[in-house]
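Below is query.cif, which holds mmCIF, C-alpha atoms.
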```
data_entry
#
loop_
_atom_site.label_atom_id
_atom_site.label_comp_id
_atom_site.auth_asym_id
_atom_site.auth_seq_id
_atom_site.Cartn_x
_atom_site.Cartn_y
_atom_site.Cartn_z
CA MET S 1244 -0.53 -16.83 9.80
CA SER S 1245 -3.12 -16.24 7.09
CA GLU S 1246 -2.82 -13.54 4.43
CA THR S 1247 -5.56 -11.50 6.06
CA ASP S 1248 -3.68 -11.42 9.36
CA PHE S 1249 -0.57 -10.08 7.71
CA THR S 1250 -0.64 -6.37 8.50
CA PRO S 1251 -0.85 -5.52 12.19
CA GLY S 1252 -3.29 -2.83 13.23
CA ARG S 1253 -5.65 -3.29 10.26
CA THR S 1254 -9.15 -3.73 11.57
CA PRO S 1255 -12.39 -5.20 10.23
CA LYS S 1256 -13.77 -1.64 10.42
CA GLN S 1257 -11.15 -0.56 7.94
CA ASP S 1258 -12.10 -3.44 5.64
CA LYS S 1259 -15.78 -2.60 6.00
CA LEU S 1260 -15.22 1.08 5.18
CA TYR S 1261 -13.18 0.11 2.15
CA GLU S 1262 -15.87 -2.34 1.07
CA ASP S 1263 -18.53 0.41 1.32
CA ALA S 1264 -16.31 2.86 -0.58
CA ALA S 1265 -15.50 0.36 -3.33
CA ILE S 1266 -19.17 -0.49 -3.80
CA GLY S 1267 -20.35 3.12 -3.67
CA PHE S 1268 -17.54 4.82 -5.58
CA GLY S 1269 -15.73 2.06 -7.50
CA ALA S 1270 -16.87 3.25 -10.91
CA ALA S 1271 -16.23 6.90 -10.04
CA LEU S 1272 -12.69 6.02 -8.96
CA SER S 1273 -12.08 4.29 -12.29
CA ARG S 1274 -13.29 7.39 -14.10
CA LEU S 1275 -11.09 9.53 -11.86
CA ALA S 1276 -8.06 7.41 -12.78
CA ARG S 1277 -8.88 7.96 -16.47
CA ALA S 1278 -8.76 11.70 -15.88
CA TYR S 1279 -5.24 11.45 -14.53
CA GLU S 1280 -3.60 8.78 -16.68
CA ALA S 1281 -4.13 8.08 -20.37
CA ASP S 1282 -1.89 5.04 -20.68
CA PRO S 1283 -4.01 1.93 -19.90
CA ASP S 1284 -1.24 -0.01 -18.12
CA LYS S 1285 -0.16 2.93 -16.00
CA ARG S 1286 -3.83 3.67 -15.33
CA ARG S 1287 -4.36 0.18 -13.96
CA ASP S 1288 -1.40 0.71 -11.62
CA LEU S 1289 -2.71 4.12 -10.60
CA LEU S 1290 -6.14 2.70 -9.85
CA GLN S 1291 -4.56 -0.03 -7.75
CA GLU S 1292 -2.53 2.66 -5.98
CA ILE S 1293 -5.70 4.66 -5.30
CA HIS S 1294 -7.50 1.63 -3.85
CA LEU S 1295 -4.50 0.84 -1.69
CA ALA S 1296 -4.24 4.45 -0.48
CA LEU S 1297 -7.93 4.41 0.28
CA TRP S 1298 -7.81 1.21 2.28
CA ARG S 1299 -4.77 2.39 4.25
CA SER S 1300 -6.39 5.77 4.89
CA PHE S 1301 -9.44 4.20 6.52
CA GLU S 1302 -7.26 3.31 9.48
CA LYS S 1303 -7.44 7.04 10.31
CA PHE S 1304 -10.99 7.78 9.19
CA ASP S 1305 -12.69 9.62 12.05
CA GLY S 1306 -16.01 10.51 10.44
CA ARG S 1307 -15.37 14.25 10.60
CA CYS S 1308 -16.27 14.46 6.93
CA SER S 1309 -18.53 12.28 4.84
CA LEU S 1310 -17.30 9.01 3.37
CA ARG S 1311 -17.67 10.49 -0.11
CA THR S 1312 -15.53 13.55 0.69
CA TRP S 1313 -12.88 11.32 2.28
CA VAL S 1314 -12.83 8.93 -0.68
CA TYR S 1315 -12.46 11.71 -3.23
CA ARG S 1316 -9.79 13.53 -1.23
CA VAL S 1317 -7.64 10.43 -0.86
CA ALA S 1318 -8.18 9.39 -4.48
CA HIS S 1319 -7.42 12.84 -5.91
CA ASN S 1320 -4.36 13.19 -3.68
CA ALA S 1321 -3.00 9.79 -4.76
CA ALA S 1322 -3.61 10.75 -8.39
CA THR S 1323 -2.02 14.19 -7.84
CA SER S 1324 1.15 12.54 -6.51
CA HIS S 1325 1.11 10.35 -9.61
CA VAL S 1326 0.84 13.40 -11.89
CA VAL S 1327 3.61 15.26 -10.07
CA ARG S 1328 5.87 12.19 -10.37
CA GLN S 1329 5.06 11.81 -14.07
CA ARG S 1330 5.60 15.48 -14.64
CA ARG S 1331 9.06 15.29 -13.11
CA ALA S 1332 9.94 12.34 -15.32
CA LYS S 1333 8.45 13.68 -18.55
CA THR S 1334 8.30 17.44 -17.91
CA LEU S 1335 4.61 17.46 -18.80
CA SER S 1336 3.21 20.86 -19.50
CA MET S 1337 -0.07 21.62 -17.79
CA VAL S 1338 -2.36 24.62 -17.87
CA SER S 1339 -4.92 26.09 -15.54
CA LEU S 1340 -8.63 26.52 -16.34
CA GLU S 1341 -7.98 30.25 -16.77
CA GLU S 1342 -5.28 29.61 -19.38
CA LEU S 1343 -7.38 26.95 -21.10
CA GLU S 1344 -10.26 29.38 -21.42
CA ASP S 1345 -7.95 31.76 -23.30
CA LEU S 1346 -6.46 29.12 -25.58
CA SER S 1347 -8.09 28.57 -28.93
CA ASP S 1348 -9.11 25.01 -29.70
CA LYS S 1349 -7.98 23.82 -33.12
CA SER S 1350 -11.13 21.71 -33.49
CA GLU S 1351 -13.41 24.37 -32.09
CA GLY S 1352 -16.86 24.36 -33.64
CA GLU S 1353 -16.54 20.81 -34.85
CA ILE S 1354 -19.02 18.67 -32.95
CA ALA S 1355 -17.89 15.09 -32.45
CA PRO S 1356 -20.50 12.77 -33.85
CA GLU S 1357 -19.95 9.96 -31.39
CA ARG S 1358 -20.09 9.89 -27.63
CA ARG S 1359 -16.79 8.03 -27.53
CA GLN S 1360 -15.10 10.70 -29.59
CA THR S 1361 -16.55 13.38 -27.35
CA LEU S 1362 -15.38 11.52 -24.28
CA ASN S 1363 -11.90 11.14 -25.73
CA ARG S 1364 -11.73 14.84 -26.45
CA LEU S 1365 -12.95 15.59 -22.96
CA LEU S 1366 -10.30 13.28 -21.47
CA THR S 1367 -7.60 14.92 -23.57
CA LEU S 1368 -8.74 18.32 -22.37
CA ILE S 1369 -8.78 17.21 -18.73
CA GLY S 1370 -5.33 15.69 -19.20
CA THR S 1371 -3.85 19.11 -19.95
CA LEU S 1372 -5.09 20.64 -16.70
CA LYS S 1373 -3.18 21.21 -13.50
CA PRO S 1374 -4.09 18.77 -10.72
CA LEU S 1375 -6.26 21.14 -8.70
CA ASP S 1376 -8.30 22.15 -11.73
CA ARG S 1377 -8.61 18.50 -12.67
CA GLN S 1378 -10.10 17.87 -9.23
CA VAL S 1379 -12.69 20.56 -9.86
CA ILE S 1380 -13.67 19.44 -13.37
CA VAL S 1381 -13.81 15.73 -12.46
CA SER S 1382 -15.91 16.48 -9.38
CA TYR S 1383 -18.15 18.69 -11.48
CA LEU S 1384 -18.60 15.98 -14.10
CA GLU S 1385 -19.38 13.52 -11.30
CA GLY S 1386 -22.33 15.75 -10.51
CA MET S 1387 -21.11 17.43 -7.33
CA ASP S 1388 -22.13 20.90 -6.25
CA ALA S 1389 -19.77 23.77 -5.36
CA ILE S 1390 -19.92 23.06 -1.60
CA SER S 1391 -18.95 19.41 -2.03
CA ILE S 1392 -16.14 20.34 -4.41
CA GLY S 1393 -14.93 22.92 -1.88
CA GLU S 1394 -14.82 20.25 0.83
CA ILE S 1395 -12.64 18.06 -1.37
CA THR S 1396 -10.31 20.70 -2.76
CA GLY S 1397 -10.17 23.13 0.13
CA MET S 1398 -11.17 26.02 -2.12
CA SER S 1399 -13.79 28.53 -1.07
CA GLY S 1400 -17.30 28.24 -2.48
CA ARG S 1401 -16.75 31.45 -4.45
CA ASN S 1402 -13.54 30.18 -6.01
CA VAL S 1403 -15.17 26.86 -6.91
CA ALA S 1404 -18.17 28.66 -8.38
CA THR S 1405 -15.85 30.77 -10.57
CA LYS S 1406 -14.04 27.67 -11.73
CA ILE S 1407 -17.30 25.87 -12.49
CA HIS S 1408 -18.38 28.89 -14.52
CA ARG S 1409 -15.14 28.61 -16.51
CA ILE S 1410 -15.64 24.87 -16.96
CA LYS S 1411 -19.13 25.43 -18.33
CA ASN S 1412 -17.77 28.07 -20.72
CA ILE S 1413 -14.99 25.81 -21.90
CA LEU S 1414 -17.29 22.81 -22.35
CA ALA S 1415 -19.90 24.89 -24.13
CA ARG S 1416 -17.35 26.54 -26.41
CA ARG S 1417 -15.43 23.43 -27.28
CA PHE S 1418 -18.16 20.85 -27.48
CA HIS S 1419 -21.32 22.67 -28.25
CA GLU S 1420 -21.28 25.19 -31.03
CA GLY S 1421 -23.44 28.10 -30.10
CA GLY S 1422 -22.70 27.56 -26.39
CA ARG S 1423 -26.01 26.48 -24.94
CA HIS S 1424 -25.55 27.00 -21.23
CA GLY S 1425 -27.59 24.41 -19.45
CA ASP S 1426 -27.45 23.04 -15.95
CA MET U 1345 -29.19 10.57 -32.81
CA ALA U 1346 -27.92 14.00 -31.76
CA ILE U 1347 -25.83 14.07 -28.62
CA ASP U 1348 -26.58 16.66 -25.96
CA LEU U 1349 -23.28 18.45 -25.56
CA ALA U 1350 -24.46 21.04 -23.07
CA PRO U 1351 -22.69 20.72 -19.67
CA LYS U 1352 -25.47 18.49 -18.36
CA GLY U 1353 -25.06 16.23 -21.38
CA MET U 1354 -21.33 16.17 -20.80
CA ARG U 1355 -21.95 14.90 -17.29
CA ASP U 1356 -24.04 12.08 -18.73
CA ILE U 1357 -21.32 11.19 -21.20
CA TRP U 1358 -18.73 11.29 -18.43
CA GLN U 1359 -20.72 9.22 -15.99
CA SER U 1360 -21.86 6.61 -18.50
CA GLN U 1361 -18.40 5.77 -19.79
CA GLU U 1362 -17.41 2.14 -19.59
CA VAL U 1363 -15.01 1.50 -16.77
CA GLU U 1364 -13.43 -1.60 -15.38
CA ASN U 1365 -14.63 -2.93 -12.05
CA THR U 1366 -11.68 -2.76 -9.72
CA LYS U 1367 -12.75 -3.61 -6.24
CA VAL U 1368 -9.69 -5.13 -4.61
CA SER U 1369 -10.12 -8.02 -2.20
CA PRO U 1370 -8.76 -7.70 1.37
CA VAL U 1371 -6.17 -10.36 0.56
CA GLU U 1372 -5.02 -8.40 -2.50
CA LEU U 1373 -4.90 -5.18 -0.47
CA ARG U 1374 -2.67 -6.75 2.14
CA LYS U 1375 -0.52 -8.22 -0.61
CA GLY U 1376 -0.28 -4.74 -2.13
CA VAL U 1377 0.87 -3.23 1.18
CA ARG U 1378 3.41 -6.03 1.56
CA LYS U 1379 4.62 -5.43 -2.01
CA LEU U 1380 5.02 -1.71 -1.33
CA GLU U 1381 6.95 -2.35 1.86
CA LYS U 1382 9.14 -4.89 0.06
CA ALA U 1383 9.83 -2.43 -2.75
CA GLY U 1384 10.78 0.23 -0.18
CA ARG U 1385 13.11 -2.19 1.58
CA ARG U 1386 14.64 -3.23 -1.76
CA ARG U 1387 15.24 0.39 -2.74
CA SER U 1388 16.94 1.06 0.59
CA LEU U 1389 19.04 -2.08 0.24
CA VAL U 1390 20.15 -1.17 -3.28
CA GLY U 1391 20.95 2.39 -2.21
CA GLY U 1392 22.69 1.25 0.97
CA GLY U 1393 24.60 -1.43 -0.96
CA ALA U 1394 25.80 1.12 -3.52
CA CYS U 1395 26.98 3.43 -0.72
CA ALA U 1396 28.74 0.54 1.02
CA LEU U 1397 30.45 -0.40 -2.24
CA VAL U 1398 31.66 3.17 -2.82
CA ILE U 1399 32.89 3.42 0.77
CA ALA U 1400 34.70 0.05 0.51
CA CYS U 1401 36.30 0.88 -2.87
CA PHE U 1402 37.48 4.36 -1.97
CA GLY U 1403 38.41 3.18 1.52
CA SER U 1404 40.79 0.66 -0.03
CA TYR U 1405 42.17 3.37 -2.37
CA LEU U 1406 42.91 5.44 0.71
CA LEU U 1407 45.29 2.71 1.82
CA THR U 1408 46.79 2.00 -1.59
CA PHE U 1409 47.27 5.49 -3.08
CA PRO U 1410 50.33 7.27 -1.72
CA ASN U 1411 49.30 10.59 -3.32
CA LEU U 1412 47.87 12.96 -0.69
CA ILE U 1413 45.51 14.71 -3.13
CA GLN U 1414 44.01 11.37 -4.20
CA CYS U 1415 43.62 10.43 -0.55
CA ILE U 1416 41.77 13.69 0.18
CA GLY U 1417 39.52 13.04 -2.85
CA CYS U 1418 38.82 9.51 -1.59
CA ALA U 1419 38.01 10.80 1.87
CA LEU U 1420 35.58 13.39 0.46
CA ILE U 1421 33.85 10.75 -1.68
CA ILE U 1422 33.54 8.48 1.36
CA VAL U 1423 32.01 11.33 3.37
CA GLY U 1424 29.51 11.93 0.53
CA ALA U 1425 28.52 8.25 0.34
CA ALA U 1426 28.21 8.02 4.13
CA TYR U 1427 25.98 11.13 4.15
CA LEU U 1428 23.77 9.58 1.47
CA ALA U 1429 23.54 6.33 3.47
CA TYR U 1430 22.60 8.36 6.56
CA GLN U 1431 19.83 10.08 4.58
CA LEU U 1432 18.53 6.69 3.46
CA VAL U 1433 18.45 5.47 7.06
CA LEU U 1434 16.62 8.65 8.12
CA ILE U 1435 13.98 8.20 5.41
CA ARG U 1436 13.58 4.50 6.22
CA THR U 1437 13.20 4.98 9.97
CA ARG U 1438 10.95 8.04 9.83
CA PRO U 1439 7.63 7.10 11.43
CA GLU U 1440 4.57 7.41 9.18
CA GLY U 1441 2.60 10.61 9.47
CA THR U 1442 5.42 12.77 10.79
CA GLY U 1443 7.18 15.58 9.01
CA ALA U 1444 5.80 18.43 7.04
CA GLU U 1445 4.00 16.37 4.41
CA GLU U 1446 0.27 16.60 4.21
CA SER U 1447 -1.73 13.51 5.00
CA GLU U 1448 -3.37 11.59 2.18
CA SER U 1449 -6.81 12.78 3.29
CA SER U 1450 -5.94 16.50 3.36
CA VAL U 1451 -7.93 18.84 1.20
CA GLY U 1452 -6.61 18.88 -2.37
CA MET U 1453 -5.18 22.39 -2.26
CA ARG U 1454 -3.01 21.76 0.81
CA PHE U 1455 -1.85 18.39 -0.45
CA TYR U 1456 -0.93 19.74 -3.87
CA ARG U 1457 0.96 22.66 -2.35
CA ALA U 1458 2.92 20.27 -0.12
CA GLU U 1459 3.79 18.13 -3.17
CA LEU U 1460 4.96 21.22 -5.06
CA GLU U 1461 7.03 22.40 -2.08
CA ARG U 1462 8.65 18.99 -1.81
CA GLN U 1463 9.58 19.07 -5.50
CA ARG U 1464 10.81 22.66 -5.23
CA ASP U 1465 13.02 21.89 -2.25
CA PHE U 1466 14.58 18.99 -4.12
CA HIS U 1467 15.82 21.50 -6.69
CA ARG U 1468 16.92 24.31 -4.42
CA GLY U 1469 17.90 25.17 -0.86
CA LEU U 1470 19.69 23.01 1.65
CA TRP U 1471 18.94 19.67 0.01
CA PHE U 1472 20.17 20.69 -3.40
CA TRP U 1473 23.31 22.51 -2.24
CA SER U 1474 24.27 19.80 0.23
CA ARG U 1475 24.04 17.20 -2.56
CA LEU U 1476 26.21 19.36 -4.77
CA VAL U 1477 28.78 20.15 -2.07
CA ILE U 1478 29.03 16.53 -1.06
CA PHE U 1479 29.24 14.92 -4.48
CA VAL U 1480 31.24 17.40 -6.54
CA PRO U 1481 34.45 18.29 -4.68
CA GLY U 1482 35.40 14.65 -3.89
CA PRO U 1483 35.55 13.39 -7.48
CA LEU U 1484 37.19 16.66 -8.64
CA VAL U 1485 39.98 16.43 -6.08
CA PHE U 1486 40.34 12.74 -6.89
CA PHE U 1487 40.74 13.55 -10.64
CA ILE U 1488 43.41 16.13 -9.83
CA GLY U 1489 45.16 13.59 -7.62
CA ILE U 1490 45.28 11.08 -10.49
CA ALA U 1491 46.59 13.74 -12.86
CA VAL U 1492 49.36 14.63 -10.39
CA ALA U 1493 50.23 10.96 -9.87
CA HIS U 1494 50.24 10.22 -13.61
CA PRO U 1495 51.53 13.26 -15.49
CA GLU U 1496 51.65 11.28 -18.76
CA VAL U 1497 47.82 11.18 -18.91
CA ALA U 1498 47.23 14.44 -17.05
CA PRO U 1499 45.71 16.37 -20.02
CA TYR U 1500 43.02 13.71 -20.48
CA ILE U 1501 42.28 13.59 -16.78
CA TYR U 1502 42.01 17.37 -16.59
CA LEU U 1503 39.66 17.25 -19.56
CA GLU U 1504 37.46 14.72 -17.74
CA ALA U 1505 37.60 16.83 -14.60
CA ALA U 1506 36.60 19.91 -16.59
CA ALA U 1507 33.67 18.05 -18.17
CA PHE U 1508 32.56 16.86 -14.73
CA ALA U 1509 32.84 20.39 -13.32
CA LEU U 1510 30.90 21.76 -16.29
CA PHE U 1511 28.02 19.32 -15.69
CA ALA U 1512 28.02 20.25 -12.02
CA ILE U 1513 27.93 23.96 -12.87
CA LEU U 1514 25.15 23.44 -15.43
CA ALA U 1515 23.13 21.52 -12.85
CA VAL U 1516 22.80 24.71 -10.79
CA PRO U 1517 20.80 26.91 -13.20
CA LEU U 1518 18.79 23.95 -14.48
CA ASN U 1519 17.73 22.97 -10.98
CA LEU U 1520 17.06 26.54 -9.93
CA ARG U 1521 14.90 27.04 -13.03
CA ARG U 1522 12.83 23.99 -12.13
CA ALA U 1523 12.55 25.24 -8.56
CA ARG U 1524 11.31 28.61 -9.85
CA LYS U 1525 8.61 26.88 -11.93
CA TYR U 1526 7.36 25.07 -8.86
CA GLN U 1527 7.53 28.31 -6.87
CA HIS U 1528 5.41 30.13 -9.48
CA GLU U 1529 2.74 27.48 -9.10
CA ILE U 1530 2.90 27.70 -5.31
CA ASP U 1531 2.59 31.49 -5.55
CA ALA U 1532 -0.46 31.13 -7.78
CA LEU U 1533 -2.06 28.78 -5.25
CA ASN U 1534 -1.28 31.16 -2.41
CA ALA U 1535 -2.69 34.10 -4.36
CA ALA U 1536 -5.91 32.18 -5.09
CA GLU U 1537 -6.21 31.32 -1.41
CA LYS U 1538 -5.68 34.95 -0.37
CA GLN U 1539 -8.38 36.10 -2.80
CA ASP U 1540 -10.82 33.83 -0.95
#
```
Rewritten as C-alpha cells:
Amino acid sequence: MSETDFTPGRTPKQDKLYEDAAIGFGAALSRLARAYEADPDKRRDLLQEIHLALWRSFEKFDGRCSLRTWVYRVAHNAATSHVVRQRRAKTLSMVSLEELEDLSDKSEGEIAPERRQTLNRLLTLIGTLKPLDRQVIVSYLEGMDAISIGEITGMSGRNVATKIHRIKNILARRFHEGGRHGD
Amino acid sequence: MAIDLAPKGMRDIWQSQEVENTKVSPVELRKGVRKLEKAGRRRSLVGGGACALVIACFGSYLLTFPNLIQCIGCALIIVGAAYLAYQLVLIRTRPEGTGAEESESSVGMRFYRAELERQRDFHRGLWFWSRLVIFVPGPLVFFIGIAVAHPEVAPYIYLEAAAFALFAILAVPLNLRRARKYQHEIDALNAAEKQD
C-alpha cells in the first residue's frame, strides 16, 4: 500500500480542494498563524495543524459557503483551539477590542520608523486580543469587508462594523499620531 | 521614506510581511493524520496502562492487607481508576463528529463558545465533582487505614492525609474560579449575540 492510499475515505477531490486552498491562501494562513503564535517553533506546529485541519475538513466541504470563507473558518478555529490550550497551560491574559480601546499604550505617539518594527508592534497588539477579536482584526488586515468577516465569525454585519470602527481607532491612535482615518 | 500608518497602510504592511511557504504535500498530510492517530493511541495506551497498574497494585493490596479500612481505601481507588479507564475508552471509541462540540468549519463565534464551554465544564459541574469524589476519598481512607495498622507512624500519616485533603479542598475554589472566568466570557459572547 502506498503512502497516498493510507487513509480510507480521502478522495482526490479533497486533495484538489486542499491544493486550491494552499495555492490561494497559503501566505494568508502563514500570516494568520503569526497572529496566534509568537514562538517560531510553536508557530510552525500550529501552521502544520491548520493545514492538516483544512485538508481533513475538505472531506465535508459541501460548497454551501465559498472556499475562502471555509478556509478562514477552519484556520481560525484551529488557531482558536491552540490559543485556548495555551491559555490553560500558561493562564494568558487576553483583552477584547473594547478593553484595548480604553487601555493607554505606553508607546503611544511614537511612530515606528521601520515597517518591521510596526509589524512587530501590530503582532504584539493582536497577540493580546481574545480569539474572536483576533479573527476580526486579522480578517480586516487581510482586506475583507464586514460581510465576509461576518460569514467567518458568525457576527452580525452591525457588530462587525462596530468592531472594525474600533480597530481603525486603535490602529490610528497607536500607529499614526494625529489619527488619520483612511480607508 | 515615510511609512503610511493609516489603516490602509497597515493592511499593506500586514499583507506584505515575509512568510514561509508551507504547502504540505498529500504524502505529508497523510503522514500527519497517521501521526495524530498514533499520538492519540499512545496517549490512550499510557493512560490505560497507568489505570491497569493502579488496579493491579491496589488489587494485590486488597488481598495482602488484613485491615478493613485499608481494604475499603483500596477498593475505592480501584473504582476510581476503573472509572478513569472507562472514560478513556469512551473518548477513544466516540465516533468523529458526534457530541456537542462544534465542527471545525463552524462560524468562529459558535466554535469559540463551544471551546469555552468545554473548558468551563472541565472545571465545574458533573465532570469536576465526579473526578473529585472518585479520586479523593479512596486515598484518604487508605491513609487512615495505614495509620490504624501502624500506630507508631500514625501522626506522620495523618499529616500526609491532612495535606492531601487540604490540596483537594483548595482545588475546589481554584477550579470554580477558573470556571467563572470562562462563564464570564461566554456571557459576554451571548450578550453580544443578543444585541445583534
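Here the PyMOL selection byres ((chain U and resi 1477) around 12) captures the residues Leu1420, Ile1421, Val1423, Gly1424, Tyr1427, Leu1470, Trp1471, Phe1472, Trp1473, Ser1474, Arg1475, Leu1476, Ile1478, Phe1479, Val1480, Pro1481, Gly1482, Pro1483, Leu1484, Ala1509, Ala1512, Ile1513 and Val1516 of chain U.
Put simply, the PyMOL selection byres ((chain S and resi 1340) around 10) in this file takes in Met1337, Val1338, Ser1339, Glu1341, Glu1342, Leu1343, Glu1344, Asp1345, Leu1346, Ile1369, Thr1371, Leu1372, Lys1373, Leu1375, Asp1376, Arg1377, Val1379, Ile1380, Lys1406, Ile1407, Arg1409, Ile1410 and Ile1413 of chain S.
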Create the file for the chosen residues now, containing C-alpha atoms and written as an mmCIF file, in the coordinates of the input.
```cif
data_model
loop_
_atom_site.group_PDB
_atom_site.id
_atom_site.type_symbol
_atom_site.label_atom_id
_atom_site.label_comp_id
_atom_site.auth_asym_id
_atom_site.auth_seq_id
_atom_site.Cartn_x
_atom_site.Cartn_y
_atom_site.Cartn_z
ATOM 1 C CA MET S 1337 -0.070 21.620 -17.790
ATOM 2 C CA VAL S 1338 -2.360 24.620 -17.870
ATOM 3 C CA SER S 1339 -4.920 26.090 -15.540
ATOM 4 C CA GLU S 1341 -7.980 30.250 -16.770
ATOM 5 C CA GLU S 1342 -5.280 29.610 -19.380
ATOM 6 C CA LEU S 1343 -7.380 26.950 -21.100
ATOM 7 C CA GLU S 1344 -10.260 29.380 -21.420
ATOM 8 C CA ASP S 1345 -7.950 31.760 -23.300
ATOM 9 C CA LEU S 1346 -6.460 29.120 -25.580
ATOM 10 C CA ILE S 1369 -8.780 17.210 -18.730
ATOM 11 C CA THR S 1371 -3.850 19.110 -19.950
ATOM 12 C CA LEU S 1372 -5.090 20.640 -16.700
ATOM 13 C CA LYS S 1373 -3.180 21.210 -13.500
ATOM 14 C CA LEU S 1375 -6.260 21.140 -8.700
ATOM 15 C CA ASP S 1376 -8.300 22.150 -11.730
ATOM 16 C CA ARG S 1377 -8.610 18.500 -12.670
ATOM 17 C CA VAL S 1379 -12.690 20.560 -9.860
ATOM 18 C CA ILE S 1380 -13.670 19.440 -13.370
ATOM 19 C CA LYS S 1406 -14.040 27.670 -11.730
ATOM 20 C CA ILE S 1407 -17.300 25.870 -12.490
ATOM 21 C CA ARG S 1409 -15.140 28.610 -16.510
ATOM 22 C CA ILE S 1410 -15.640 24.870 -16.960
ATOM 23 C CA ILE S 1413 -14.990 25.810 -21.900
#
```
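Atom pair atom CA of S:Ala1318 / atom CA of S:Ile1293: separated by 5.4 Å.
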Could you list the residues chosen by the PyMOL selection byres ((chain U and resi 1489) around 12) in this structure as a tab-separated table (two decimals) with C-alpha atoms, keeping the file's coordinate frame?
```tsv
chain	number	residue	atom	x	y	z
U	1405	TYR	CA	42.17	3.37	-2.37
U	1406	LEU	CA	42.91	5.44	0.71
U	1409	PHE	CA	47.27	5.49	-3.08
U	1410	PRO	CA	50.33	7.27	-1.72
U	1411	ASN	CA	49.30	10.59	-3.32
U	1412	LEU	CA	47.87	12.96	-0.69
U	1413	ILE	CA	45.51	14.71	-3.13
U	1414	GLN	CA	44.01	11.37	-4.20
U	1415	CYS	CA	43.62	10.43	-0.55
U	1416	ILE	CA	41.77	13.69	0.18
U	1417	GLY	CA	39.52	13.04	-2.85
U	1418	CYS	CA	38.82	9.51	-1.59
U	1482	GLY	CA	35.40	14.65	-3.89
U	1483	PRO	CA	35.55	13.39	-7.48
U	1484	LEU	CA	37.19	16.66	-8.64
U	1485	VAL	CA	39.98	16.43	-6.08
U	1486	PHE	CA	40.34	12.74	-6.89
U	1487	PHE	CA	40.74	13.55	-10.64
U	1488	ILE	CA	43.41	16.13	-9.83
U	1490	ILE	CA	45.28	11.08	-10.49
U	1491	ALA	CA	46.59	13.74	-12.86
U	1492	VAL	CA	49.36	14.63	-10.39
U	1493	ALA	CA	50.23	10.96	-9.87
U	1494	HIS	CA	50.24	10.22	-13.61
U	1495	PRO	CA	51.53	13.26	-15.49
U	1497	VAL	CA	47.82	11.18	-18.91
U	1498	ALA	CA	47.23	14.44	-17.05
U	1501	ILE	CA	42.28	13.59	-16.78
U	1502	TYR	CA	42.01	17.37	-16.59
U	1505	ALA	CA	37.60	16.83	-14.60
```
Margin query: Residues within 7 Å of stretch 1268-1277 of chain S, please, as an NGL selection string. Count all atoms listed in the file; anything in the same chain fewer than 2 positions from it doesn't count.
Written below: (:S and (1264-1266 or 1279-1281 or 1286 or 1289-1290 or 1381)) or (:U and (1363-1367))
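The nearest approach to chain S among the residues U:Gln1431, U:Thr1437, U:Ser1404, U:Asn1534, with all atoms listed in the file taken into account, belongs to U:Asn1534.
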Note to self: Excluding stretch 1446-1462 of chain U and its own-chain neighbours fewer than 5 positions away, which residues fall within 9 Å of it when counting all atoms listed in the file? Please give them as a PyMOL selection string.
What the structure shows: (chain S and resi 1296-1297+1300+1304+1313-1321+1323-1324+1327+1374-1375+1378+1393-1398) or (chain U and resi 1441+1523+1526-1527+1529-1530+1533-1534)
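Shortest atom-to-atom contact with chain S among U:Ala1532, U:Leu1373, U:Arg1468, U:Ser1360: U:Leu1373, counting all atoms listed in the file.
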Notebook entry, point to check: Using all atoms listed in the file, which of the listed residues (U:Phe1466, U:Tyr1430, U:Tyr1500, U:Phe1511) sits closest to chain S?
Noted result: U:Phe1466
Notebook entry, point to check: If you measure from atom CA of U:Gly1393 to atom CA of U:Ile1422, what distance in Å do you get, rounded to one decimal?
Noted result: 13.5 Å
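Interatomic distance, atom CA of U:His1467 to atom CA of U:Ala1507: 21.5 Å.
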